[in-house]
>>> print(open('my_file_24.txt').read())   # compact mmCIF, C-alpha atoms
# COMPACT_ATOMS: atom_id res chain seq x y z
CA MET E 1 75.15 -82.61 137.41
CA ALA E 2 77.36 -84.48 139.81
CA ILE E 3 76.08 -87.01 142.28
CA GLU E 4 76.24 -85.48 145.78
CA ASN E 5 75.69 -88.65 147.74
CA GLN E 6 78.65 -90.99 148.29
CA PHE E 7 78.25 -94.74 148.11
CA ASP E 8 80.20 -97.93 147.66
CA TYR E 9 80.05 -99.87 144.42
CA VAL E 10 80.16 -103.63 144.11
CA LYS E 11 80.04 -105.56 140.85
CA VAL E 12 78.79 -108.97 141.92
CA LYS E 13 79.71 -112.29 140.33
CA ASN E 14 76.91 -114.42 141.80
CA LEU E 15 73.71 -114.18 143.81
CA ASP E 16 75.38 -115.13 147.10
CA GLU E 17 77.53 -112.04 146.76
CA VAL E 18 74.38 -109.92 146.39
CA PHE E 19 72.99 -111.33 149.63
CA GLY E 20 76.37 -110.83 151.30
CA VAL E 21 76.31 -107.14 150.37
CA PHE E 22 72.71 -106.88 151.61
CA GLN E 23 73.99 -107.98 155.05
CA HIS E 24 76.59 -105.23 155.25
CA TYR E 25 74.64 -102.19 154.10
CA LYS E 26 71.43 -100.45 155.14
CA ASN E 27 70.28 -99.01 151.89
CA PRO E 28 71.43 -100.96 148.82
CA VAL E 29 70.34 -100.17 145.27
CA ILE E 30 70.53 -102.63 142.37
CA LEU E 31 72.07 -101.25 139.18
CA SER E 32 71.62 -102.82 135.77
CA GLY E 33 71.18 -100.49 132.78
CA GLY E 34 71.15 -97.47 135.07
CA THR E 35 69.11 -95.26 132.78
CA ASP E 36 66.72 -94.60 135.66
CA VAL E 37 68.98 -95.36 138.62
CA VAL E 38 71.76 -92.93 137.65
CA GLU E 39 69.22 -90.18 137.06
CA PHE E 40 67.68 -90.90 140.47
CA LEU E 41 71.18 -90.79 142.02
CA LYS E 42 71.79 -87.38 140.44
CA SER E 43 68.47 -85.96 141.59
CA GLY E 44 68.87 -87.40 145.09
CA THR E 45 65.68 -89.47 144.76
CA LEU E 46 67.89 -92.45 145.57
CA GLN E 47 70.53 -92.09 148.29
CA PRO E 48 72.00 -95.55 148.69
CA ASP E 49 75.04 -96.52 150.76
CA VAL E 50 75.92 -99.13 148.17
CA VAL E 51 75.21 -99.67 144.48
CA ILE E 52 75.19 -103.33 143.43
CA ASP E 53 75.97 -103.76 139.73
CA ILE E 54 74.40 -106.99 138.41
CA LYS E 55 75.60 -106.65 134.80
CA GLY E 56 78.20 -109.33 135.47
CA LEU E 57 75.51 -111.95 136.16
CA ASP E 58 75.34 -113.67 132.78
CA PHE E 59 72.52 -115.99 133.80
CA LEU E 60 70.22 -112.97 133.99
CA LYS E 61 70.62 -112.28 130.25
CA ASP E 62 68.46 -115.13 128.95
CA ILE E 63 65.44 -114.87 126.69
CA ARG E 64 64.09 -118.40 126.33
CA LEU E 65 60.88 -120.24 125.55
CA GLY E 66 60.31 -123.72 126.98
CA ASN E 67 57.05 -125.57 127.63
CA ASN E 68 55.28 -122.50 126.24
CA ILE E 69 56.65 -120.34 129.04
CA LEU E 70 58.68 -117.29 128.06
CA TRP E 71 61.48 -116.24 130.37
CA ILE E 72 62.94 -112.72 130.20
CA GLY E 73 65.94 -112.37 132.51
CA ALA E 74 66.51 -109.25 134.56
CA GLY E 75 69.51 -108.27 132.44
CA VAL E 76 67.70 -108.34 129.08
CA THR E 77 67.67 -104.92 127.39
CA PHE E 78 64.87 -103.53 125.25
CA ASN E 79 67.05 -103.75 122.14
CA GLU E 80 67.72 -107.42 122.87
CA LEU E 81 63.95 -107.95 123.00
CA ILE E 82 63.51 -106.12 119.68
CA GLU E 83 66.18 -108.30 118.06
CA SER E 84 65.04 -111.61 119.58
CA GLU E 85 63.59 -114.20 117.19
CA ILE E 86 61.58 -115.76 120.01
CA ILE E 87 59.98 -112.41 120.81
CA ASN E 88 59.24 -111.48 117.19
CA GLU E 89 57.77 -114.88 116.38
CA HIS E 90 55.70 -115.56 119.49
CA PHE E 91 55.30 -112.23 121.30
CA PRO E 92 55.39 -109.53 118.59
CA ILE E 93 53.62 -106.95 120.74
CA ILE E 94 56.55 -107.06 123.17
CA ALA E 95 58.78 -106.02 120.26
CA GLU E 96 56.17 -103.46 119.18
CA MET E 97 56.21 -101.96 122.67
CA SER E 98 60.00 -102.10 123.06
CA LYS E 99 60.47 -100.06 119.88
CA THR E 100 58.55 -97.19 121.49
CA VAL E 101 60.76 -97.04 124.59
CA ALA E 102 62.98 -93.92 124.54
CA SER E 103 65.76 -94.11 121.94
CA VAL E 104 68.28 -96.63 120.62
CA GLY E 105 70.99 -95.39 122.98
CA ILE E 106 68.73 -95.88 126.01
CA ARG E 107 67.37 -99.21 124.78
CA ASN E 108 70.94 -100.53 124.43
CA ARG E 109 71.16 -100.25 128.18
CA ALA E 110 67.67 -100.15 129.72
CA THR E 111 66.04 -103.42 130.75
CA MET E 112 62.40 -104.48 130.93
CA VAL E 113 62.88 -105.58 134.53
CA GLY E 114 64.41 -102.20 135.39
CA ASN E 115 61.39 -100.58 133.78
CA ILE E 116 58.95 -102.40 136.06
CA CYS E 117 61.20 -101.89 139.09
CA SER E 118 61.15 -98.12 138.55
CA ALA E 119 57.39 -98.58 138.20
CA VAL E 120 56.64 -95.05 137.03
CA PRO E 121 52.99 -94.65 135.95
CA CYS E 122 53.98 -94.30 132.28
CA THR E 123 55.84 -97.63 132.18
CA ASP E 124 55.47 -99.11 128.70
CA SER E 125 56.18 -102.66 129.88
CA GLY E 126 53.39 -102.60 132.49
CA PRO E 127 50.31 -102.80 130.22
CA ILE E 128 51.95 -105.51 128.08
CA LEU E 129 52.83 -107.69 131.07
CA SER E 130 49.36 -107.09 132.44
CA VAL E 131 47.56 -108.47 129.34
CA TYR E 132 49.89 -111.48 129.26
CA LYS E 133 49.23 -112.08 133.00
CA ALA E 134 52.99 -112.23 133.52
CA SER E 135 54.69 -113.15 136.78
CA VAL E 136 57.70 -111.45 138.31
CA ILE E 137 60.19 -113.89 139.81
CA THR E 138 62.12 -112.49 142.75
CA VAL E 139 64.77 -114.09 144.90
CA GLY E 140 65.82 -113.37 148.46
CA MET E 141 67.74 -115.26 151.11
CA LEU E 142 64.60 -117.24 151.94
CA GLY E 143 64.11 -118.36 148.35
CA GLU E 144 62.12 -117.41 145.29
CA ARG E 145 58.72 -115.77 145.01
CA LYS E 146 56.44 -115.67 141.97
CA ILE E 147 54.46 -112.44 142.04
CA PRO E 148 51.51 -112.00 139.65
CA ILE E 149 51.87 -108.76 137.72
CA GLU E 150 48.61 -107.32 139.08
CA GLN E 151 50.14 -107.53 142.56
CA TRP E 152 53.54 -106.27 141.45
CA PHE E 153 52.58 -102.62 140.85
CA VAL E 154 51.54 -101.26 144.25
CA SER E 155 51.39 -97.56 143.43
CA SER E 156 53.45 -94.97 141.56
CA ARG E 157 57.12 -96.04 141.91
CA LYS E 158 56.19 -98.69 144.48
CA THR E 159 56.38 -102.42 143.82
CA ALA E 160 55.87 -105.64 145.74
CA LEU E 161 59.65 -106.22 145.84
CA ALA E 162 60.67 -106.85 149.43
CA LYS E 163 63.78 -105.45 151.09
CA HIS E 164 66.81 -107.64 150.40
CA GLU E 165 65.20 -109.23 147.36
CA ILE E 166 66.14 -108.86 143.72
CA VAL E 167 64.22 -109.63 140.55
CA LYS E 168 65.53 -112.58 138.55
CA GLY E 169 63.20 -112.17 135.62
CA ILE E 170 59.73 -112.24 134.18
CA SER E 171 57.82 -115.34 133.12
CA ILE E 172 54.95 -115.31 130.67
CA GLN E 173 52.73 -118.21 129.68
CA LEU E 174 52.23 -118.23 125.91
CA PRO E 175 48.42 -118.27 125.48
CA ASP E 176 47.34 -121.57 123.97
CA LYS E 177 44.52 -120.02 121.95
CA LYS E 178 45.32 -118.31 118.66
CA HIS E 179 45.70 -114.62 119.39
CA ALA E 180 47.02 -111.30 118.15
CA GLY E 181 47.70 -108.01 119.87
CA CYS E 182 48.34 -104.33 119.59
CA PHE E 183 50.43 -101.92 121.64
CA THR E 184 49.78 -98.27 121.04
CA LYS E 185 51.43 -95.29 122.69
CA LEU E 186 50.39 -91.68 122.47
CA LYS E 187 53.33 -89.27 122.49
CA ARG E 188 53.78 -85.55 121.94
CA TYR E 189 55.83 -86.14 118.80
CA ASN E 190 57.36 -88.95 116.79
CA GLY E 191 60.63 -90.11 118.21
CA GLU E 192 61.49 -90.55 121.85
CA ASP E 193 58.96 -89.52 124.43
CA LEU E 194 57.25 -90.83 127.54
CA ALA E 195 53.67 -91.93 127.06
CA GLN E 196 50.69 -89.64 127.47
CA VAL E 197 48.55 -92.77 127.26
CA ASN E 198 49.61 -96.31 126.39
CA LEU E 199 47.47 -99.32 125.74
CA ALA E 200 48.05 -103.04 125.27
CA ILE E 201 45.40 -105.33 123.81
CA LEU E 202 45.30 -109.09 123.25
CA ALA E 203 42.51 -110.46 121.05
CA PHE E 204 41.84 -114.22 121.03
CA GLU E 205 40.26 -116.40 118.37
CA ASP E 206 37.12 -116.82 120.48
CA TYR E 207 36.79 -113.02 120.45
CA SER E 208 37.72 -112.60 124.07
CA PHE E 209 40.03 -109.74 124.93
CA ARG E 210 42.53 -108.53 127.48
CA ILE E 211 42.98 -104.78 127.66
CA SER E 212 45.37 -102.75 129.81
CA PHE E 213 45.94 -98.99 129.91
CA GLY E 214 49.05 -97.20 131.18
CA SER E 215 49.84 -93.57 132.07
CA VAL E 216 46.23 -92.97 133.09
CA ALA E 217 46.43 -94.06 136.75
CA PRO E 218 49.24 -94.63 139.30
CA THR E 219 49.69 -98.20 137.99
CA PRO E 220 48.72 -100.03 134.79
CA VAL E 221 44.97 -100.69 134.70
CA ARG E 222 43.27 -103.82 133.37
CA ALA E 223 40.05 -102.55 131.78
CA MET E 224 37.90 -105.32 133.22
CA ARG E 225 34.56 -103.58 132.65
CA ILE E 226 35.33 -103.13 128.98
CA GLU E 227 36.55 -106.71 128.67
CA ARG E 228 33.34 -108.03 130.24
CA LEU E 229 31.23 -105.92 127.90
CA ILE E 230 32.86 -106.96 124.64
CA ASN E 231 34.07 -110.51 125.31
CA ARG E 232 32.73 -112.91 122.67
CA MET E 233 30.67 -110.16 121.05
CA LYS E 234 30.80 -108.81 117.54
CA LEU E 235 32.33 -105.36 117.76
CA VAL E 236 29.60 -103.45 115.94
CA PRO E 237 29.78 -99.63 116.09
CA GLU E 238 27.14 -99.38 118.84
CA LEU E 239 29.08 -101.78 121.06
CA MET E 240 32.35 -99.98 120.34
CA GLU E 241 30.70 -96.75 121.43
CA LYS E 242 29.57 -98.34 124.69
CA ALA E 243 33.06 -99.72 125.27
CA GLN E 244 34.54 -96.27 124.70
CA GLN E 245 32.08 -94.85 127.22
CA LEU E 246 33.30 -97.38 129.81
CA VAL E 247 36.86 -96.04 129.47
CA GLU E 248 35.71 -93.25 131.79
CA ASP E 249 34.96 -95.81 134.52
CA ASP E 250 38.14 -97.83 134.08
CA ILE E 251 40.84 -95.15 134.06
CA ALA E 252 41.66 -92.05 136.15
CA PRO E 253 44.11 -89.83 134.25
CA ILE E 254 45.66 -86.69 135.72
CA THR E 255 46.92 -83.47 134.17
CA ASP E 256 50.70 -83.13 134.03
CA ILE E 257 53.39 -81.62 131.82
CA ARG E 258 52.71 -84.09 129.01
CA ALA E 259 48.91 -83.79 128.68
CA THR E 260 45.69 -82.70 130.37
CA LYS E 261 43.43 -85.31 131.88
CA GLU E 262 40.68 -84.38 129.41
CA TYR E 263 42.98 -84.98 126.44
CA ARG E 264 44.19 -88.28 127.91
CA MET E 265 40.60 -89.43 128.44
CA HIS E 266 39.52 -88.44 124.94
CA MET E 267 42.52 -90.09 123.28
CA ALA E 268 42.24 -93.25 125.39
CA LYS E 269 38.83 -93.83 123.81
CA ILE E 270 40.16 -93.32 120.30
CA MET E 271 43.15 -95.56 121.01
CA LEU E 272 40.81 -98.25 122.31
CA GLU E 273 38.86 -98.29 119.06
CA ARG E 274 41.92 -98.25 116.82
CA GLY E 275 43.79 -100.75 118.98
CA LEU E 276 40.88 -103.20 119.03
CA ASN E 277 40.45 -102.93 115.28
CA ALA E 278 44.18 -103.44 114.66
CA ALA E 279 44.33 -106.44 117.01
CA LEU E 280 41.27 -108.04 115.37
CA ASN E 281 42.60 -107.43 111.87
CA ARG E 282 45.94 -108.92 112.86
CA LEU E 283 44.12 -111.92 114.30
CA ASN E 284 42.69 -112.46 110.83
CA SER E 285 46.12 -112.07 109.25
CA GLY E 286 45.52 -108.51 108.10
CA GLY E 287 45.95 -105.17 109.79
CA PRO E 288 49.03 -103.00 110.15
CA ALA E 289 52.42 -104.72 110.52
CA TYR E 290 53.64 -104.99 114.10
CA GLY E 291 55.58 -101.85 114.95
CA LYS E 292 53.46 -99.61 112.75
CA SER E 293 51.73 -97.03 114.89
CA VAL E 294 47.94 -97.02 114.79
CA ILE E 295 47.62 -93.62 116.45
CA MET W 1 84.70 -95.01 147.49
CA LYS W 2 87.68 -94.68 145.16
CA LYS W 3 88.96 -97.32 142.83
CA GLU W 4 91.54 -97.59 140.08
CA ILE W 5 89.81 -98.90 136.98
CA SER W 6 91.32 -100.10 133.74
CA PHE W 7 89.46 -100.00 130.44
CA LEU W 8 90.00 -99.68 126.71
CA LEU W 9 89.44 -96.14 125.51
CA ASN W 10 89.62 -95.60 121.76
CA GLY W 11 91.84 -98.64 121.45
CA GLU W 12 94.25 -97.70 124.24
CA ARG W 13 94.36 -99.28 127.68
CA ARG W 14 93.76 -96.55 130.27
CA MET W 15 94.00 -96.66 134.05
CA ILE W 16 92.40 -94.00 136.19
CA ASP W 17 91.33 -93.51 139.80
CA VAL W 18 87.61 -92.82 139.95
CA SER W 19 85.16 -92.25 142.73
CA SER W 20 82.07 -94.47 142.60
CA SER W 21 79.82 -91.43 142.20
CA GLU W 22 81.67 -89.98 139.19
CA ILE W 23 79.76 -89.94 135.92
CA LEU W 24 81.45 -91.38 132.82
CA LEU W 25 80.78 -88.19 130.82
CA GLU W 26 82.59 -86.05 133.42
CA VAL W 27 85.58 -88.37 133.53
CA LEU W 28 85.88 -88.49 129.74
CA ARG W 29 85.63 -84.73 129.30
CA ASP W 30 87.20 -83.26 132.41
CA ARG W 31 89.86 -85.81 133.25
CA LEU W 32 90.70 -87.61 130.03
CA GLY W 33 90.41 -84.65 127.67
CA LEU W 34 87.91 -86.09 125.22
CA ASN W 35 85.59 -83.29 124.20
CA SER W 36 83.33 -84.96 121.62
CA PRO W 37 80.77 -86.21 124.17
CA LYS W 38 78.96 -83.14 125.50
CA CYS W 39 76.62 -82.38 128.33
CA GLY W 40 73.23 -81.31 127.00
CA CYS W 41 70.18 -82.39 128.97
CA ASP W 42 72.17 -84.48 131.49
CA ARG W 43 69.31 -87.00 131.69
CA GLY W 44 69.60 -89.23 128.65
CA ASP W 45 67.15 -87.44 126.39
CA CYS W 46 69.28 -85.38 124.00
CA GLY W 47 71.96 -87.84 122.90
CA THR W 48 74.83 -85.36 122.76
CA CYS W 49 76.82 -87.30 125.40
CA SER W 50 76.75 -90.48 123.27
CA VAL W 51 79.71 -92.83 123.34
CA MET W 52 79.98 -96.50 122.41
CA ILE W 53 80.46 -99.24 124.96
CA ASN W 54 81.32 -102.62 123.43
CA GLY W 55 80.10 -101.35 120.04
CA LYS W 56 76.74 -100.01 121.19
CA THR W 57 75.83 -96.36 121.60
CA VAL W 58 74.96 -95.38 125.14
CA ARG W 59 74.36 -92.20 127.12
CA SER W 60 77.55 -91.43 129.04
CA CYS W 61 75.61 -89.03 131.30
CA LEU W 62 73.69 -92.00 132.71
CA ILE W 63 76.66 -94.27 133.37
CA LEU W 64 78.95 -94.34 136.36
CA ALA W 65 82.60 -94.21 135.31
CA ILE W 66 83.29 -97.18 137.57
CA GLU W 67 80.90 -99.31 135.46
CA VAL W 68 83.23 -99.29 132.44
CA GLU W 69 86.00 -101.25 134.15
CA ASP W 70 87.26 -103.87 131.66
CA GLN W 71 84.85 -102.59 128.98
CA GLU W 72 85.67 -101.03 125.61
CA VAL W 73 84.72 -97.38 125.28
CA VAL W 74 84.87 -95.55 121.96
CA THR W 75 84.16 -91.86 121.44
CA LEU W 76 83.95 -89.98 118.17
CA GLU W 77 87.70 -89.35 118.41
CA GLY W 78 88.19 -93.11 118.33
CA ILE W 79 86.34 -93.84 115.12
CA MET W 80 88.40 -91.40 113.06
CA HIS W 81 91.91 -92.68 113.64
CA ASN W 82 92.32 -92.90 109.87
CA GLY W 83 90.76 -89.54 109.11
CA LEU W 84 87.11 -88.86 108.36
CA THR W 85 84.89 -91.88 107.80
CA PRO W 86 82.78 -92.11 104.60
CA LEU W 87 79.77 -91.23 106.74
CA GLN W 88 81.44 -88.05 107.98
CA GLU W 89 82.43 -87.17 104.40
CA SER W 90 78.79 -87.51 103.43
CA PHE W 91 77.68 -85.27 106.32
CA LEU W 92 80.24 -82.68 105.13
CA LYS W 93 79.05 -82.92 101.54
CA HIS W 94 75.44 -82.38 102.60
CA ASN W 95 76.31 -79.57 105.00
CA SER W 96 74.43 -81.62 107.59
CA PHE W 97 75.37 -79.72 110.72
CA GLN W 98 75.33 -76.07 111.72
CA CYS W 99 76.52 -75.52 115.28
CA GLY W 100 77.79 -79.08 115.54
CA PHE W 101 76.81 -79.69 119.15
CA CYS W 102 74.73 -82.76 118.25
CA ALA W 103 77.17 -83.99 115.60
CA PRO W 104 79.27 -86.45 117.66
CA GLY W 105 76.13 -88.17 118.92
CA VAL W 106 74.50 -88.25 115.49
CA ILE W 107 77.66 -89.64 113.90
CA LEU W 108 77.97 -92.40 116.50
CA SER W 109 74.26 -93.32 116.25
CA THR W 110 74.37 -93.57 112.47
CA THR W 111 77.71 -95.39 112.57
CA GLU W 112 76.13 -98.00 114.85
CA LEU W 113 73.10 -98.25 112.53
CA LEU W 114 75.16 -98.79 109.38
CA ALA W 115 77.40 -101.33 111.10
CA LYS W 116 74.27 -103.34 111.89
CA ASN W 117 72.42 -102.67 108.65
CA PRO W 118 74.40 -101.08 105.77
CA HIS W 119 71.21 -100.79 103.68
CA SER W 120 69.01 -98.94 106.15
CA ASN W 121 65.94 -97.16 104.83
CA LYS W 122 64.77 -93.67 105.73
CA GLU W 123 62.51 -94.87 108.53
CA GLU W 124 65.33 -96.83 110.15
CA ILE W 125 67.66 -93.84 109.88
CA GLN W 126 65.06 -91.60 111.52
CA GLU W 127 64.57 -94.11 114.32
CA ALA W 128 68.34 -94.40 114.84
CA ILE W 129 68.71 -90.65 115.40
CA ALA W 130 65.41 -90.15 117.23
CA GLY W 131 67.39 -89.83 120.45
CA ASN W 132 69.78 -87.21 119.08
CA LEU W 133 68.22 -83.79 119.31
CA CYS W 134 69.36 -81.14 116.81
CA ARG W 135 68.05 -77.61 117.17
CA CYS W 136 69.63 -76.20 113.99
CA THR W 137 68.96 -78.27 110.93
CA GLY W 138 65.49 -79.77 111.09
CA TYR W 139 67.25 -83.13 110.54
CA SER W 140 66.69 -83.22 106.76
CA PRO W 141 70.33 -82.72 105.71
CA ILE W 142 71.41 -85.30 108.30
CA ILE W 143 69.00 -87.90 106.94
CA ASP W 144 69.87 -87.00 103.33
CA ALA W 145 73.56 -87.59 104.00
CA VAL W 146 72.97 -91.09 105.36
CA ILE W 147 70.55 -91.99 102.55
CA ASP W 148 73.13 -90.77 100.01
CA LEU W 149 75.68 -93.14 101.50
CA VAL W 150 73.49 -96.25 101.69
CA LYS W 151 71.77 -95.97 98.32
>>> encode(input="my_file_24.txt", output="structure tokens")
Amino acid sequence: MAIENQFDYVKVKNLDEVFGVFQHYKNPVILSGGTDVVEFLKSGTLQPDVVIDIKGLDFLKDIRLGNNILWIGAGVTFNELIESEIINEHFPIIAEMSKTVASVGIRNRATMVGNICSAVPCTDSGPILSVYKASVITVGMLGERKIPIEQWFVSSRKTALAKHEIVKGISIQLPDKKHAGCFTKLKRYNGEDLAQVNLAILAFEDYSFRISFGSVAPTPVRAMRIERLINRMKLVPELMEKAQQLVEDDIAPITDIRATKEYRMHMAKIMLERGLNAALNRLNSGGPAYGKSVI
Amino acid sequence: MKKEISFLLNGERRMIDVSSSEILLEVLRDRLGLNSPKCGCDRGDCGTCSVMINGKTVRSCLILAIEVEDQEVVTLEGIMHNGLTPLQESFLKHNSFQCGFCAPGVILSTTELLAKNPHSNKEEIQEAIAGNLCRCTGYSPIIDAVIDLVK
């Protein structure tokens, strides 16, 4: 399918050039990996007058950890996350999540920042960034903004990014308490697929938890009711059952081509139990290896 | 917008006028005569349009031709300058393909895998070709051929 709409293309060499282009066009679109953008150009969902390619901005390609703050630049691809020592050592559930995103050929190109800029309800990055309480760092002509992730996702495909702003990267504070996590993604088959339900869990040594579901509402959902119920409690079967019951209050799945809302709801409960158990076992140095599916 | 871009294609420097809205897959097939990348799903799911950019497999249906300026693009044609590769020989031996539509993509994906990790296990091989859909073989003979080569 050809792209009907005509647009200019600029490969920028620095941020000033980006802002310069913003001045001259009405409807700019930022292009990095393009695995969503080019599809949106083909379908006509995006009809820009200029496409700004930021792949030449090398300073956006950093993954670094300093003062216990992780920085993931806007140009970092999912495969670079999977291969990063920093990620595998300190943030293994980011690698666990990244391995479930589409296929190798997409992950060679697609970026985590692009994923949260597209902000589709089934974003795999969303629940992970939500449990880490990540911040999105944007930059515009008036300077930088640090946007907490819970304010970033506004609704399906809508973010807090302002016009004439671009995302520089994502920052994540490494939790100071000992912790482990689990990312689990329900798909129609092994191999590449979008999520029917996805779920990120962090379990801390004091038995507090952060839990976030994806694909079951327009944006990722922190399961605050469940967290309040189980924080600092021993997860006996009766409590687990109550937590599973609360899933119905915390999420609002719909029926679409990938699953019915009933199936999503049912499986979200099962994923919660298995995810919590895996995270707790990993916390105690057991459990399945990171990257091994628990569903 | 039109622009003359220059890039390395299968080891040769090529110059071509492209419009900013032209897709790499269309330019490779329709204008540069390379028929190994094919149009299947046209949305990055099926893997049959795979090519390599700077040594990594990508979906040429999701890339603007203008993006490859100054980059190195390799298609299946480019990896067999010296005849069939050992991997292709193994695919032949195992009768891995039937219609062959997915073959260029599968060969590039597994070539990338073995370049990175020559001793890949079955799980890694399956993951490497998870984005290459084959509707003929059920994948077994494809996986067998790679395992045969790495063992």
>>> closest_residue(input="my_file_24.txt", among="E:Met141, E:Glu192, E:Arg64, E:Lys269", to="E:Ser98", atoms="only C-alpha atoms")
E:Glu192
>>> atom_distance(input="my_file_24.txt", atom1="atom CA of E:Gly73", atom2="atom CA of E:Gly34")
16.0 Å
>>> closest_residue(input="my_file_24.txt", among="W:Ile147, W:Met1, W:Leu92, W:Cys39", to="chain E", atoms="all atoms listed in the file")
W:Met1
>>> residues_around(input="my_file_24.txt", residues="W:Met80", least_positions_apart="2", cutoff="12 Å", atoms="only C-alpha atoms", output="ChimeraX atom specification")
/W:10-11,36,74-78,82-89,104,107-108,111
>>> residues_around(input="my_file_24.txt", residues="W:Ala130", least_positions_apart="6", cutoff="9 Å", atoms="all atoms listed in the file", output="list of chain:residue names")
E:Ala102, E:Ser103, E:Val104, E:Asn190, E:Gly191, E:Glu192, W:Gly47
>>> interface_residues(input="my_file_24.txt", of="chain W", to="chain E", cutoff="6 Å", atoms="all atoms listed in the file", output="list in words")
Met1, Ser21, Thr57, Val58, Leu62, Ala130 and Gly131 of chain W
>>> atom_distance(input="my_file_24.txt", atom1="atom CA of E:Gly286", atom2="atom CA of E:Gly181")
12.0 Å
>>> atom_distance(input="my_file_24.txt", atom1="atom CA of E:Ala160", atom2="atom CA of E:Val136")
9.6 Å
>>> residues_around(input="my_file_24.txt", residues="E:Val167", least_positions_apart="2", cutoff="9 Å", atoms="all atoms listed in the file", output="PyMOL selection string")
chain E and resi 73-74+113+117+136-140+161+165+169-170
>>> residues_around(input="my_file_24.txt", residues="E:Val18", least_positions_apart="2", cutoff="10 Å", atoms="all atoms listed in the file", output="list of chain:residue names")
E:Val10, E:Lys11, E:Val12, E:Lys13, E:Asn14, E:Leu15, E:Asp16, E:Gly20, E:Val21, E:Phe22, E:Gln23, E:Pro28, E:Ile30, E:Ile52, E:Asp53, E:Ile54, E:Gly140, E:Met141, E:His164, E:Glu165, E:Ile166
>>> residues_around(input="my_file_24.txt", residues="W:Gly40", least_positions_apart="6", cutoff="12 Å", atoms="all atoms listed in the file", output="PyMOL selection string")
(chain E and resi 1) or (chain W and resi 25+46-50+59-61+101-102+105+132-135)
>>> closest_residue(input="my_file_24.txt", among="W:Ser96, W:Ser6, W:Ser90, W:Asn54", to="W:Val73", atoms="only C-alpha atoms")
W:Asn54
>>> decode(input="my_file_24.txt", residues="stretch 55-68 of chain W", atoms="N, CA and C atoms", output="short mmCIF file (atom, residue, chain, number, x, y, z; two decimals), in the first residue's frame")
data_model
loop_
_atom_site.label_atom_id
_atom_site.label_comp_id
_atom_site.auth_asym_id
_atom_site.auth_seq_id
_atom_site.Cartn_x
_atom_site.Cartn_y
_atom_site.Cartn_z
N GLY W 55 23.26 -4.59 9.03
CA GLY W 55 23.45 -5.91 9.64
C GLY W 55 22.29 -6.42 10.46
N LYS W 56 21.21 -5.63 10.56
CA LYS W 56 20.07 -6.07 11.35
C LYS W 56 18.84 -6.24 10.47
N THR W 57 18.09 -7.31 10.71
CA THR W 57 16.90 -7.51 9.89
C THR W 57 15.84 -6.48 10.28
N VAL W 58 15.18 -5.98 9.27
CA VAL W 58 14.11 -4.99 9.47
C VAL W 58 12.99 -5.29 8.48
N ARG W 59 11.86 -4.63 8.69
CA ARG W 59 10.72 -4.80 7.79
C ARG W 59 10.73 -3.67 6.76
N SER W 60 11.03 -4.01 5.50
CA SER W 60 11.17 -2.94 4.51
C SER W 60 9.82 -2.32 4.14
N CYS W 61 8.71 -2.96 4.57
CA CYS W 61 7.39 -2.37 4.31
C CYS W 61 7.08 -1.25 5.29
N LEU W 62 7.88 -1.14 6.36
CA LEU W 62 7.63 -0.11 7.37
C LEU W 62 8.76 0.92 7.40
N ILE W 63 9.46 1.04 6.28
CA ILE W 63 10.58 1.99 6.23
C ILE W 63 10.43 2.84 4.97
N LEU W 64 10.60 4.13 5.14
CA LEU W 64 10.59 5.02 3.99
C LEU W 64 11.92 4.85 3.26
N ALA W 65 11.86 4.83 1.94
CA ALA W 65 13.10 4.65 1.16
C ALA W 65 14.10 5.75 1.52
N ILE W 66 13.60 6.94 1.76
CA ILE W 66 14.47 8.09 2.01
C ILE W 66 15.26 7.92 3.32
N GLU W 67 14.77 7.04 4.21
CA GLU W 67 15.47 6.81 5.47
C GLU W 67 16.80 6.07 5.29
N VAL W 68 16.99 5.37 4.18
CA VAL W 68 18.20 4.54 4.06
C VAL W 68 19.38 5.30 3.46
#
